[in-house]
$ cat input29.cif   # mmCIF, C-alpha atoms
data_data
#
loop_
_atom_site.label_atom_id
_atom_site.label_comp_id
_atom_site.auth_asym_id
_atom_site.auth_seq_id
_atom_site.Cartn_x
_atom_site.Cartn_y
_atom_site.Cartn_z
CA MET Y 111 19.69 8.68 -18.16
CA SER Y 112 16.33 7.47 -16.84
CA LEU Y 113 13.52 9.90 -16.12
CA GLU Y 114 13.49 11.21 -12.53
CA VAL Y 115 11.41 13.67 -10.54
CA ASN Y 116 12.81 17.03 -9.50
CA PRO Y 117 13.41 16.49 -5.75
CA LEU Y 118 13.56 20.19 -4.84
CA ARG Y 119 10.36 21.01 -6.70
CA PHE Y 120 8.72 17.93 -5.19
CA ALA Y 121 9.66 19.05 -1.67
CA GLU Y 122 8.45 22.59 -2.31
CA ILE Y 123 4.98 21.39 -3.38
CA PHE Y 124 4.83 19.03 -0.38
CA ARG Y 125 5.56 21.91 1.98
CA ALA Y 126 2.85 24.00 0.33
CA LEU Y 127 0.28 21.23 0.62
CA THR Y 128 1.02 20.54 4.29
CA ARG Y 129 0.59 24.12 5.58
CA ASP Y 130 -3.19 24.24 5.80
CA GLY Y 131 -4.35 22.50 8.96
CA ALA Y 132 -0.80 22.06 10.29
CA THR Y 133 -0.64 21.32 14.02
CA ALA Y 134 1.91 22.44 16.60
CA GLU Y 135 2.98 18.79 17.00
CA GLY Y 136 4.00 18.57 13.34
CA GLY Y 137 0.94 16.78 11.97
CA LEU Y 138 -2.22 17.76 10.13
CA ASN Y 139 -5.77 18.30 11.35
CA ARG Y 140 -8.03 18.57 8.31
CA PRO Y 141 -10.93 16.11 8.35
CA ALA Y 142 -12.85 15.95 5.09
CA LEU Y 143 -14.84 19.09 4.22
CA SER Y 144 -13.55 20.99 7.25
CA ARG Y 145 -12.38 24.55 6.72
CA ALA Y 146 -8.74 23.41 6.84
CA HIS Y 147 -9.41 20.73 4.22
CA LEU Y 148 -11.13 23.20 1.91
CA ASP Y 149 -8.23 25.63 2.40
CA ALA Y 150 -5.78 22.89 1.37
CA ARG Y 151 -7.84 22.32 -1.76
CA ASP Y 152 -7.74 26.03 -2.53
CA THR Y 153 -3.95 25.88 -2.19
CA PHE Y 154 -3.81 22.91 -4.56
CA ARG Y 155 -6.13 24.66 -7.01
CA GLY Y 156 -3.77 27.62 -7.06
CA LEU Y 157 -0.79 25.36 -7.75
CA ILE Y 158 -2.69 23.66 -10.56
CA SER Y 159 -3.31 26.99 -12.28
CA GLU Y 160 0.20 28.26 -11.61
CA CYS Y 161 1.73 25.17 -13.24
CA GLY Y 162 -0.43 25.34 -16.36
CA PHE Y 163 -2.83 22.46 -15.69
CA GLU Y 164 -6.62 22.64 -15.89
CA ALA Y 165 -8.47 22.42 -12.58
CA HIS Y 166 -11.67 20.35 -12.44
CA THR Y 167 -14.05 19.64 -9.56
CA ASP Y 168 -16.78 17.00 -9.89
CA GLY Y 169 -20.05 16.62 -8.00
CA ALA Y 170 -18.33 14.71 -5.19
CA GLY Y 171 -15.82 17.51 -4.68
CA ASN Y 172 -12.99 15.46 -6.17
CA LEU Y 173 -10.40 18.00 -7.36
CA SER Y 174 -8.17 17.14 -10.30
CA ALA Y 175 -5.37 18.68 -12.31
CA VAL Y 176 -5.62 17.81 -16.00
CA TRP Y 177 -3.07 18.08 -18.81
CA ARG Y 178 -4.21 17.15 -22.29
CA CYS Y 179 -1.92 15.81 -24.98
CA ALA Y 180 -2.29 16.74 -28.65
CA GLU Y 181 -4.55 13.76 -29.43
CA PRO Y 182 -8.10 14.64 -28.31
CA ASP Y 183 -9.24 11.01 -28.19
CA ALA Y 184 -6.22 9.77 -26.25
CA PRO Y 185 -6.83 7.73 -23.07
CA THR Y 186 -6.27 9.25 -19.64
CA LEU Y 187 -3.70 8.11 -17.10
CA MET Y 188 -4.86 9.04 -13.61
CA LEU Y 189 -2.59 9.37 -10.58
CA GLY Y 190 -3.67 10.53 -7.15
CA SER Y 191 -4.55 10.14 -3.50
CA HIS Y 192 -6.21 12.51 -0.98
CA LEU Y 193 -5.61 15.73 0.96
CA ASP Y 194 -8.02 15.10 3.85
CA SER Y 195 -6.69 13.70 7.11
CA VAL Y 196 -7.98 12.01 10.22
CA PRO Y 197 -8.34 14.36 13.22
CA ASN Y 198 -4.83 15.27 14.39
CA GLY Y 199 -3.24 12.98 11.83
CA GLY Y 200 0.11 13.01 10.07
CA ARG Y 201 1.57 14.99 7.16
CA PHE Y 202 2.35 12.10 4.84
CA ASP Y 203 -0.87 10.06 4.73
CA GLY Y 204 -2.53 11.01 1.43
CA THR Y 205 -0.78 14.34 0.90
CA LEU Y 206 2.44 12.62 -0.14
CA GLY Y 207 0.49 10.72 -2.79
CA VAL Y 208 -1.12 13.85 -4.24
CA THR Y 209 2.21 15.67 -4.23
CA ALA Y 210 4.05 12.77 -5.90
CA ALA Y 211 1.29 12.39 -8.51
CA PHE Y 212 1.50 16.10 -9.34
CA GLU Y 213 5.28 16.04 -9.64
CA VAL Y 214 5.13 12.89 -11.81
CA ALA Y 215 2.58 14.53 -14.11
CA ARG Y 216 4.76 17.64 -14.45
CA THR Y 217 7.81 15.51 -15.21
CA LEU Y 218 5.95 13.46 -17.82
CA ARG Y 219 4.60 16.62 -19.43
CA GLU Y 220 8.15 17.96 -19.75
CA ALA Y 221 9.66 14.68 -20.97
CA PRO Y 222 10.76 14.41 -24.62
CA HIS Y 223 8.78 11.27 -25.44
CA PRO Y 224 5.61 11.61 -27.58
CA LYS Y 225 2.58 12.44 -25.47
CA LYS Y 226 0.01 9.72 -26.15
CA MET Y 227 -2.07 10.02 -22.98
CA HIS Y 228 -3.88 12.75 -21.12
CA LEU Y 229 -2.71 13.10 -17.52
CA GLU Y 230 -5.00 13.62 -14.54
CA VAL Y 231 -3.90 14.12 -10.92
CA MET Y 232 -6.77 13.43 -8.52
CA ASP Y 233 -7.40 14.54 -4.96
CA PHE Y 234 -10.29 12.34 -3.81
CA THR Y 235 -12.80 13.51 -1.19
CA ASP Y 236 -12.97 11.89 2.26
CA GLU Y 237 -10.68 8.94 1.73
CA GLU Y 238 -10.33 8.75 5.51
CA GLY Y 239 -14.05 8.20 6.04
CA THR Y 240 -14.79 11.15 8.30
CA TRP Y 241 -18.30 10.91 6.84
CA VAL Y 242 -18.35 7.98 4.40
CA SER Y 243 -15.35 5.73 3.77
CA LEU Y 244 -13.62 6.38 0.43
CA MET Y 245 -16.51 8.67 -0.46
CA GLY Y 246 -14.94 10.47 -3.41
CA SER Y 247 -13.40 7.46 -5.13
CA ARG Y 248 -16.49 5.32 -4.54
CA ALA Y 249 -18.60 8.09 -6.06
CA ALA Y 250 -16.28 8.28 -9.07
CA THR Y 251 -16.59 4.55 -9.64
CA GLY Y 252 -20.36 4.33 -9.16
CA ARG Y 253 -20.04 2.36 -5.94
CA LEU Y 254 -21.75 4.87 -3.66
CA THR Y 255 -25.47 4.74 -2.90
CA GLU Y 256 -28.03 7.12 -1.48
CA LYS Y 257 -28.23 4.83 1.56
CA ASP Y 258 -24.49 5.29 2.19
CA LEU Y 259 -24.94 9.05 2.25
CA ALA Y 260 -28.05 8.85 4.42
CA HIS Y 261 -26.07 7.10 7.17
CA PRO Y 262 -22.76 8.96 7.53
CA ARG Y 263 -20.34 8.05 10.28
CA GLY Y 264 -20.66 11.47 11.87
CA ASN Y 265 -23.80 13.27 12.97
CA PRO Y 266 -26.18 13.48 9.95
CA GLU Y 267 -26.90 17.15 10.62
CA ALA Y 268 -23.18 17.91 10.79
CA PHE Y 269 -22.73 16.04 7.49
CA VAL Y 270 -25.36 18.23 5.83
CA MET Y 271 -23.57 21.31 7.16
CA ALA Y 272 -20.24 20.01 5.83
CA LEU Y 273 -21.75 19.43 2.39
CA ASP Y 274 -23.17 22.95 2.41
CA ARG Y 275 -19.79 24.37 3.43
CA ALA Y 276 -18.16 22.61 0.46
CA GLY Y 277 -20.98 23.44 -1.97
CA LEU Y 278 -21.88 19.76 -2.43
CA THR Y 279 -25.20 17.94 -2.63
CA VAL Y 280 -26.22 14.31 -2.39
CA GLU Y 281 -27.43 14.46 -5.99
CA GLY Y 282 -24.11 15.87 -7.15
CA ILE Y 283 -22.11 13.22 -5.29
CA LEU Y 284 -24.16 10.41 -6.82
CA GLY Y 285 -23.73 12.04 -10.24
CA ALA Y 286 -19.91 11.93 -10.12
CA ASP Y 287 -19.85 8.37 -11.53
CA ARG Y 288 -17.11 7.93 -14.19
CA SER Y 289 -17.47 4.21 -14.67
CA ALA Y 290 -18.91 4.63 -18.20
CA GLU Y 291 -15.72 6.40 -19.34
CA PRO Y 292 -13.00 5.28 -16.94
CA PRO Y 293 -9.32 6.25 -17.13
CA ALA Y 294 -6.96 3.83 -18.85
CA ALA Y 295 -5.21 3.19 -15.53
CA TYR Y 296 -4.87 4.54 -12.01
CA LEU Y 297 -1.65 4.73 -9.97
CA GLU Y 298 -1.15 5.77 -6.36
CA LEU Y 299 1.75 6.25 -3.96
CA HIS Y 300 1.09 6.02 -0.21
CA ILE Y 301 2.94 5.47 3.03
CA GLU Y 302 2.71 1.90 4.30
CA GLN Y 303 1.30 2.77 7.76
CA GLY Y 304 2.99 -0.32 9.19
CA THR Y 305 6.42 -1.84 9.77
CA ARG Y 306 6.69 -4.58 7.15
CA LEU Y 307 8.93 -2.57 4.81
CA GLU Y 308 11.18 -1.49 7.69
CA ARG Y 309 11.46 -5.07 8.94
CA THR Y 310 12.60 -6.31 5.51
CA ASN Y 311 14.73 -3.24 4.78
CA SER Y 312 12.67 -2.63 1.63
CA ARG Y 313 12.48 0.81 0.02
CA ILE Y 314 9.24 0.11 -1.85
CA GLY Y 315 6.15 -2.00 -1.29
CA ILE Y 316 4.26 -3.19 -4.36
CA VAL Y 317 0.69 -3.81 -3.25
CA THR Y 318 -0.96 -6.94 -4.59
CA GLY Y 319 -4.42 -6.30 -3.15
CA MET Y 320 -6.41 -4.74 -0.33
CA VAL Y 321 -8.47 -6.18 2.47
CA GLY Y 322 -12.22 -5.84 2.76
CA ILE Y 323 -13.37 -3.50 5.53
CA HIS Y 324 -16.72 -4.16 7.20
CA MET Y 325 -18.29 -1.74 9.70
CA PHE Y 326 -20.93 -2.48 12.34
CA LEU Y 327 -22.91 -0.78 15.07
CA ILE Y 328 -23.88 -2.89 18.11
CA ALA Y 329 -26.29 -1.42 20.66
CA PHE Y 330 -26.50 -2.98 24.14
CA ASN Y 331 -29.79 -2.03 25.82
CA GLY Y 332 -30.39 -2.16 29.58
CA GLN Y 333 -32.20 0.00 32.11
CA ALA Y 334 -31.16 3.44 33.36
CA ASN Y 335 -31.17 3.70 37.14
CA HIS Y 336 -29.64 5.57 40.07
CA ALA Y 337 -25.90 4.92 40.40
CA GLY Y 338 -26.00 5.11 44.19
CA THR Y 339 -29.19 3.36 45.23
CA THR Y 340 -29.32 0.49 42.72
CA PRO Y 341 -27.60 -2.64 44.10
CA MET Y 342 -24.87 -4.06 41.88
CA LEU Y 343 -26.62 -7.39 41.39
CA GLU Y 344 -29.92 -5.74 40.44
CA ARG Y 345 -28.58 -3.62 37.61
CA GLN Y 346 -29.17 -3.94 33.87
CA ASP Y 347 -25.96 -2.10 33.10
CA ALA Y 348 -25.43 -1.73 29.34
CA ALA Y 349 -21.76 -0.87 29.92
CA LEU Y 350 -21.07 -4.34 31.27
CA GLY Y 351 -22.40 -6.05 28.15
CA ALA Y 352 -20.50 -3.68 25.89
CA SER Y 353 -17.28 -4.21 27.85
CA ALA Y 354 -17.66 -7.98 27.81
CA PHE Y 355 -18.21 -7.81 24.06
CA CYS Y 356 -15.03 -5.75 23.53
CA LEU Y 357 -12.98 -8.38 25.35
CA ALA Y 358 -14.72 -11.15 23.41
CA VAL Y 359 -13.81 -9.49 20.09
CA ARG Y 360 -10.12 -9.70 20.90
CA ARG Y 361 -10.39 -13.23 22.23
CA ARG Y 362 -12.31 -14.62 19.25
CA VAL Y 363 -9.97 -13.08 16.70
CA LEU Y 364 -6.82 -14.29 18.47
CA GLU Y 365 -8.16 -17.81 19.03
CA ASP Y 366 -10.09 -18.53 15.84
CA PHE Y 367 -9.36 -15.83 13.24
CA PRO Y 368 -5.66 -14.93 13.42
CA ASP Y 369 -5.74 -14.03 9.71
CA CYS Y 370 -8.25 -11.22 10.43
CA VAL Y 371 -8.40 -8.12 12.62
CA ALA Y 372 -11.30 -6.46 14.44
CA THR Y 373 -11.37 -3.15 16.25
CA VAL Y 374 -13.79 -1.36 18.55
CA GLY Y 375 -13.07 2.27 17.80
CA GLN Y 376 -15.85 4.10 19.57
CA MET Y 377 -18.46 3.64 22.32
CA LYS Y 378 -21.35 5.97 23.13
CA PHE Y 379 -23.10 5.94 26.50
CA VAL Y 380 -26.72 6.96 27.13
CA PRO Y 381 -27.53 8.96 29.24
CA GLY Y 382 -23.75 9.33 29.47
CA THR Y 383 -23.31 10.74 32.96
CA PHE Y 384 -21.37 9.41 35.96
CA ASN Y 385 -24.33 9.08 38.35
CA ILE Y 386 -26.70 7.04 36.16
CA VAL Y 387 -26.41 3.36 35.27
CA PRO Y 388 -26.23 3.46 31.44
CA ASP Y 389 -29.40 2.56 29.64
CA GLN Y 390 -27.65 2.00 26.30
CA VAL Y 391 -24.09 1.66 25.08
CA THR Y 392 -23.47 1.71 21.36
CA VAL Y 393 -20.29 0.07 20.09
CA PHE Y 394 -18.79 0.96 16.70
CA MET Y 395 -16.69 -1.91 15.35
CA GLU Y 396 -14.95 -2.83 12.12
CA LEU Y 397 -13.36 -6.05 10.92
CA ARG Y 398 -10.90 -6.58 8.10
CA SER Y 399 -9.97 -9.60 6.01
CA ASP Y 400 -8.72 -10.27 2.50
CA ASP Y 401 -11.02 -13.32 2.33
CA PRO Y 402 -14.77 -12.55 2.12
CA HIS Y 403 -15.65 -16.04 3.39
CA ARG Y 404 -13.52 -15.60 6.50
CA ALA Y 405 -14.95 -12.13 7.03
CA GLY Y 406 -18.44 -13.62 6.97
CA GLN Y 407 -17.47 -16.31 9.44
CA LEU Y 408 -15.96 -13.74 11.80
CA GLU Y 409 -19.06 -11.57 11.56
CA ASP Y 410 -21.23 -14.55 12.53
CA ALA Y 411 -18.94 -15.34 15.46
CA LEU Y 412 -19.07 -11.77 16.73
CA ARG Y 413 -22.84 -11.63 16.39
CA GLY Y 414 -22.91 -14.65 18.69
CA ALA Y 415 -20.47 -12.98 21.07
CA ALA Y 416 -22.69 -9.89 21.27
CA ALA Y 417 -25.73 -12.03 22.08
CA ASP Y 418 -23.81 -13.92 24.76
CA ALA Y 419 -22.52 -10.69 26.32
CA ALA Y 420 -26.03 -9.26 26.44
CA ASP Y 421 -27.51 -12.44 27.94
CA GLY Y 422 -24.85 -12.50 30.63
CA TYR Y 423 -26.01 -9.16 32.04
CA GLY Y 424 -29.75 -9.26 31.38
CA LEU Y 425 -29.55 -7.01 28.32
CA THR Y 426 -30.64 -7.08 24.69
CA ALA Y 427 -28.30 -6.47 21.77
CA GLU Y 428 -28.91 -5.11 18.28
CA PHE Y 429 -26.16 -5.94 15.77
CA ASN Y 430 -26.35 -3.81 12.62
CA HIS Y 431 -24.16 -3.76 9.52
CA LEU Y 432 -23.30 -0.18 8.47
CA GLU Y 433 -21.20 -0.47 5.32
CA SER Y 434 -18.48 -2.48 3.62
CA VAL Y 435 -15.59 -1.74 1.32
CA THR Y 436 -14.99 -4.94 -0.57
CA GLU Y 437 -11.67 -6.69 -1.16
CA SER Y 438 -9.78 -5.57 -4.25
CA ALA Y 439 -6.83 -6.95 -6.24
CA MET Y 440 -4.31 -4.70 -7.96
CA ASP Y 441 -3.68 -5.25 -11.66
CA PRO Y 442 -0.99 -7.95 -12.20
CA ASP Y 443 0.42 -6.24 -15.29
CA ILE Y 444 0.85 -2.96 -13.44
CA CYS Y 445 2.47 -4.81 -10.54
CA ARG Y 446 4.99 -6.28 -13.00
CA LEU Y 447 5.69 -2.80 -14.40
CA MET Y 448 6.29 -1.61 -10.85
CA GLU Y 449 8.71 -4.47 -10.24
CA SER Y 450 10.61 -3.56 -13.40
CA SER Y 451 10.65 0.09 -12.37
CA CYS Y 452 12.12 -0.73 -8.96
CA THR Y 453 14.73 -3.02 -10.50
CA ARG Y 454 15.73 -0.33 -13.00
CA LEU Y 455 16.09 2.18 -10.15
CA GLY Y 456 18.01 -0.26 -7.95
CA LEU Y 457 15.33 -0.19 -5.23
CA LYS Y 458 14.73 -3.20 -3.02
CA TYR Y 459 11.02 -3.97 -3.00
CA SER Y 460 8.54 -6.34 -1.40
CA LEU Y 461 5.23 -7.66 -2.71
CA LEU Y 462 2.58 -7.35 0.00
CA PRO Y 463 -1.15 -6.87 0.57
CA SER Y 464 -2.48 -3.63 2.03
CA LEU Y 465 -4.10 -3.93 5.43
CA ALA Y 466 -5.66 -0.46 5.07
CA GLY Y 467 -8.13 0.87 2.54
CA HIS Y 468 -7.04 3.31 -0.18
CA ASP Y 469 -8.59 5.04 -3.18
CA ALA Y 470 -6.87 2.52 -5.46
CA GLN Y 471 -9.22 -0.04 -3.92
CA SER Y 472 -12.17 1.81 -5.45
CA MET Y 473 -10.50 2.60 -8.77
CA ALA Y 474 -9.61 -1.05 -9.32
CA ARG Y 475 -13.33 -1.63 -9.90
CA ILE Y 476 -13.31 0.34 -13.15
CA CYS Y 477 -9.73 0.34 -14.48
CA PRO Y 478 -6.34 -1.37 -14.06
CA SER Y 479 -4.87 0.04 -10.85
CA GLY Y 480 -1.62 -0.09 -8.93
CA LEU Y 481 -0.45 1.04 -5.49
CA LEU Y 482 3.07 1.65 -4.21
CA PHE Y 483 4.09 1.95 -0.55
CA VAL Y 484 7.05 3.72 1.02
CA PRO Y 485 8.17 2.94 4.59
CA SER Y 486 6.61 4.53 7.68
CA ARG Y 487 9.14 5.08 10.45
CA LEU Y 488 8.31 2.67 13.30
CA GLY Y 489 4.94 2.11 11.64
CA TYR Y 490 3.46 5.33 12.97
CA SER Y 491 0.45 6.72 11.10
CA HIS Y 492 -2.72 8.66 11.86
CA SER Y 493 -0.68 10.66 14.37
CA ALA Y 494 1.76 13.57 14.42
CA ALA Y 495 4.55 10.99 14.84
CA GLU Y 496 3.95 9.79 11.27
CA TYR Y 497 7.17 10.19 9.28
CA THR Y 498 8.84 8.91 6.11
CA ASP Y 499 12.44 9.77 5.24
CA TRP Y 500 12.44 12.21 2.32
CA ASP Y 501 14.88 10.00 0.38
CA ASP Y 502 12.23 7.26 0.55
CA CYS Y 503 9.57 9.73 -0.62
CA VAL Y 504 11.72 10.61 -3.64
CA ALA Y 505 12.41 6.93 -4.33
CA GLY Y 506 8.67 6.22 -4.24
CA ALA Y 507 7.94 9.14 -6.56
CA ASN Y 508 10.55 7.88 -9.01
CA ALA Y 509 9.08 4.37 -8.95
CA LEU Y 510 5.66 5.93 -9.60
CA LEU Y 511 7.15 8.00 -12.43
CA GLN Y 512 8.85 5.03 -14.08
CA THR Y 513 5.63 3.01 -13.93
CA ALA Y 514 3.56 5.90 -15.30
CA HIS Y 515 6.09 6.45 -18.07
CA ALA Y 516 5.99 2.77 -19.03
CA LEU Y 517 2.21 2.93 -19.25
CA ALA Y 518 2.27 6.18 -21.24
CA ILE Y 519 4.68 4.96 -23.91
CA SER Y 520 2.87 1.63 -24.24
CA GLN Y 521 -0.19 3.32 -25.73
#

$ encode --input "input29.cif" --output "C-alpha cells"
Amino acid sequence: MSLEVNPLRFAEIFRALTRDGATAEGGLNRPALSRAHLDARDTFRGLISECGFEAHTDGAGNLSAVWRCAEPDAPTLMLGSHLDSVPNGGRFDGTLGVTAAFEVARTLREAPHPKKMHLEVMDFTDEEGTWVSLMGSRAATGRLTEKDLAHPRGNPEAFVMALDRAGLTVEGILGADRSAEPPAAYLELHIEQGTRLERTNSRIGIVTGMVGIHMFLIAFNGQANHAGTTPMLERQDAALGASAFCLAVRRRVLEDFPDCVATVGQMKFVPGTFNIVPDQVTVFMELRSDDPHRAGQLEDALRGAAADAADGYGLTAEFNHLESVTESAMDPDICRLMESSCTRLGLKYSLLPSLAGHDAQSMARICPSGLLFVPSRLGYSHSAAEYTDWDDCVAGANALLQTAHALAISQ
C-alpha cells in the first residue's frame, strides 16, 4: 500500500491553524506581523513542540519545524508555505500549504523507510506582501536588500512598529540568508487561485514556472484649487490624468499585450477631500508576465501612456519602479516526480504556469523546487469565498507526500 497522509489528523491541524484571525464570514484576517498573524505562529509553535519537532525562528521571522534523521550530515528536504493572509482573505491560501507540509513531514517521520534526509517545514514571513513581497523567502535566499526594506508597501512608520511587535530588525532580516547552505529541495502545495483546474476537471496542477511581478508608483501632479469656484476648463485636476491612465492600462494590455496582465490596485488623493481639486493622485500599479522582454516592452508602453495622460490634462507625471519579483522556473526533475506521483495515485493533473507569486518562486533561486496546485472553487481567492473541497486538499497532500518520499529515498 502506498504512503498516504492521515486525513483526520490533517484536518485537525488545519482547523487549529485557521482559528487565529478567523472572520465571521469564514475567512482569515491576519496580515503579516499583525497580532492575529503572530498568534497563529504561536499556535503553530505549540503544535511543533507537541508533535516532537524542533522549532526554529530566523532573523526574518520565518518559523520552521525541524526533524533530524540519524545522519548528522544528511541533506534537508524543506516543505512549506505561509500563515499570513491578505486583509479579510481566505482560509486556504498559504495555511493549507503549511498544514499539508507538516502532515507530510509527520507521515515521512513515521514511515518505515530509512531516514536519509532531515525534514524542515517552513512558514515564511509576509508572502502576501503586506510590507514587502515574499519578504521571508527572499530573505532566506539572499534576494532581499536594504533598499527593499526601506521602501515597504505600507507606511514606513507602521512597518517599523510591525517589526518591533514581532521582535524583528532590518539587520536580522538581511542576516537570514541561507543561500550558502541551501536545502536539497523545496516543495510547496497551494490553492490555484484561478479556474484552470476546474475547467479541465483536473485534481492537481503541476506548476512549470511563475510569472515575474513588477510594481510601480505613478504620481500625477496638478494644482489644488477650490472645487466650487474653479471652472472645469481651467483646472489642473490630477484625478483626471490618473483616471485616463487607468483606462489606458486596460486598453494597452488588451490591444497589444494579451499575454500579460496589469492592475491598478490603489490610488491616493492629495489633499483627499471632496471640496478641493486634487493636487496629486498617486497610482499603485503592477504588471505580470512570464517573459522579461515582454514585461519590459509593456512597462515602456505604460510609461508613455502615463505621459500622454498627464499632457492631456496639463499635468506632470512621475513614473517610478518600486520592486520586482523575477520570473522563475520549477525544477524539471521534480515536475516529473510530481507527474509520477499523480499517476500512481490515479489523480488527473495538468501542467501549467502560475500567474501568482509564491515562496517556491524565491526558493527556486537556491535549490530545486516544485509547486503543486489544488482547485479553487469558482476561482475565488483573497476573499472569504475562497474554498477548496477537502477531498482535493487530501489529494494534494498525498501528491506532495509521494513526491517528498521519492526525493527522500533517492538520497

$ resolve_selection --input "input29.cif" --expression "the PyMOL selection byres ((chain Y and resi 195) around 9)" --output "PyMOL selection string"
chain Y and resi 138-142+147+192-194+196-201+203-205+236-238+240+492

$ resolve_selection --input "input29.cif" --expression "the PyMOL selection byres ((chain Y and resi 508) around 10)" --output "number ranges by chain"
Y: 112-117, 210, 213-214, 451-452, 455, 502-507, 509-514

$ write_last_selection --input "input29.cif" --atoms "C-alpha atoms" --output "mmCIF file, keeping the file's coordinate frame"
data_model
loop_
_atom_site.group_PDB
_atom_site.id
_atom_site.type_symbol
_atom_site.label_atom_id
_atom_site.label_comp_id
_atom_site.auth_asym_id
_atom_site.auth_seq_id
_atom_site.Cartn_x
_atom_site.Cartn_y
_atom_site.Cartn_z
ATOM 1 C CA SER Y 112 16.330 7.470 -16.840
ATOM 2 C CA LEU Y 113 13.520 9.900 -16.120
ATOM 3 C CA GLU Y 114 13.490 11.210 -12.530
ATOM 4 C CA VAL Y 115 11.410 13.670 -10.540
ATOM 5 C CA ASN Y 116 12.810 17.030 -9.500
ATOM 6 C CA PRO Y 117 13.410 16.490 -5.750
ATOM 7 C CA ALA Y 210 4.050 12.770 -5.900
ATOM 8 C CA GLU Y 213 5.280 16.040 -9.640
ATOM 9 C CA VAL Y 214 5.130 12.890 -11.810
ATOM 10 C CA SER Y 451 10.650 0.090 -12.370
ATOM 11 C CA CYS Y 452 12.120 -0.730 -8.960
ATOM 12 C CA LEU Y 455 16.090 2.180 -10.150
ATOM 13 C CA ASP Y 502 12.230 7.260 0.550
ATOM 14 C CA CYS Y 503 9.570 9.730 -0.620
ATOM 15 C CA VAL Y 504 11.720 10.610 -3.640
ATOM 16 C CA ALA Y 505 12.410 6.930 -4.330
ATOM 17 C CA GLY Y 506 8.670 6.220 -4.240
ATOM 18 C CA ALA Y 507 7.940 9.140 -6.560
ATOM 19 C CA ALA Y 509 9.080 4.370 -8.950
ATOM 20 C CA LEU Y 510 5.660 5.930 -9.600
ATOM 21 C CA LEU Y 511 7.150 8.000 -12.430
ATOM 22 C CA GLN Y 512 8.850 5.030 -14.080
ATOM 23 C CA THR Y 513 5.630 3.010 -13.930
ATOM 24 C CA ALA Y 514 3.560 5.900 -15.300
#

$ atom_distance --input "input29.cif" --atom1 "CA of Phe379 in chain Y" --atom2 "CA of Val391 in chain Y"
4.6 Å

$ resolve_selection --input "input29.cif" --expression "the PyMOL selection byres ((chain Y and resi 483-488) around 8)" --output "MDAnalysis selection string"
chainID Y and resid 299:305 307:308 312:317 481:482 489:491 496:499 502:503 506

$ atom_distance --input "input29.cif" --atom1 "CA of Asp501 in chain Y" --atom2 "CA of Ile123 in chain Y"
15.6 Å

$ closest_residue --input "input29.cif" --among "Y:Cys179, Y:Val321, Y:Leu462, Y:Ile476" --to "Thr436 in chain Y" --atoms "only C-alpha atoms"
Y:Val321

$ closest_residue --input "input29.cif" --among "Y:Ala495, Y:Leu218, Y:Leu244, Y:Met232" --to "Ser191 in chain Y" --atoms "all atoms listed in the file"
Y:Met232

$ closest_residue --input "input29.cif" --among "Y:Ser434, Y:Gly375, Y:Ala419, Y:Thr128" --to "Val242 in chain Y" --atoms "all atoms listed in the file"
Y:Ser434

$ residues_around --input "input29.cif" --residues "Asn172 in chain Y" --least-positions-apart "4" --cutoff "6 Å" --atoms "only C-alpha atoms" --output "JSON, numbers by chain"
{"Y": [167, 168, 233, 234, 235]}

$ atom_distance --input "input29.cif" --atom1 "CA of Asn311 in chain Y" --atom2 "CA of Arg119 in chain Y"
27.2 Å
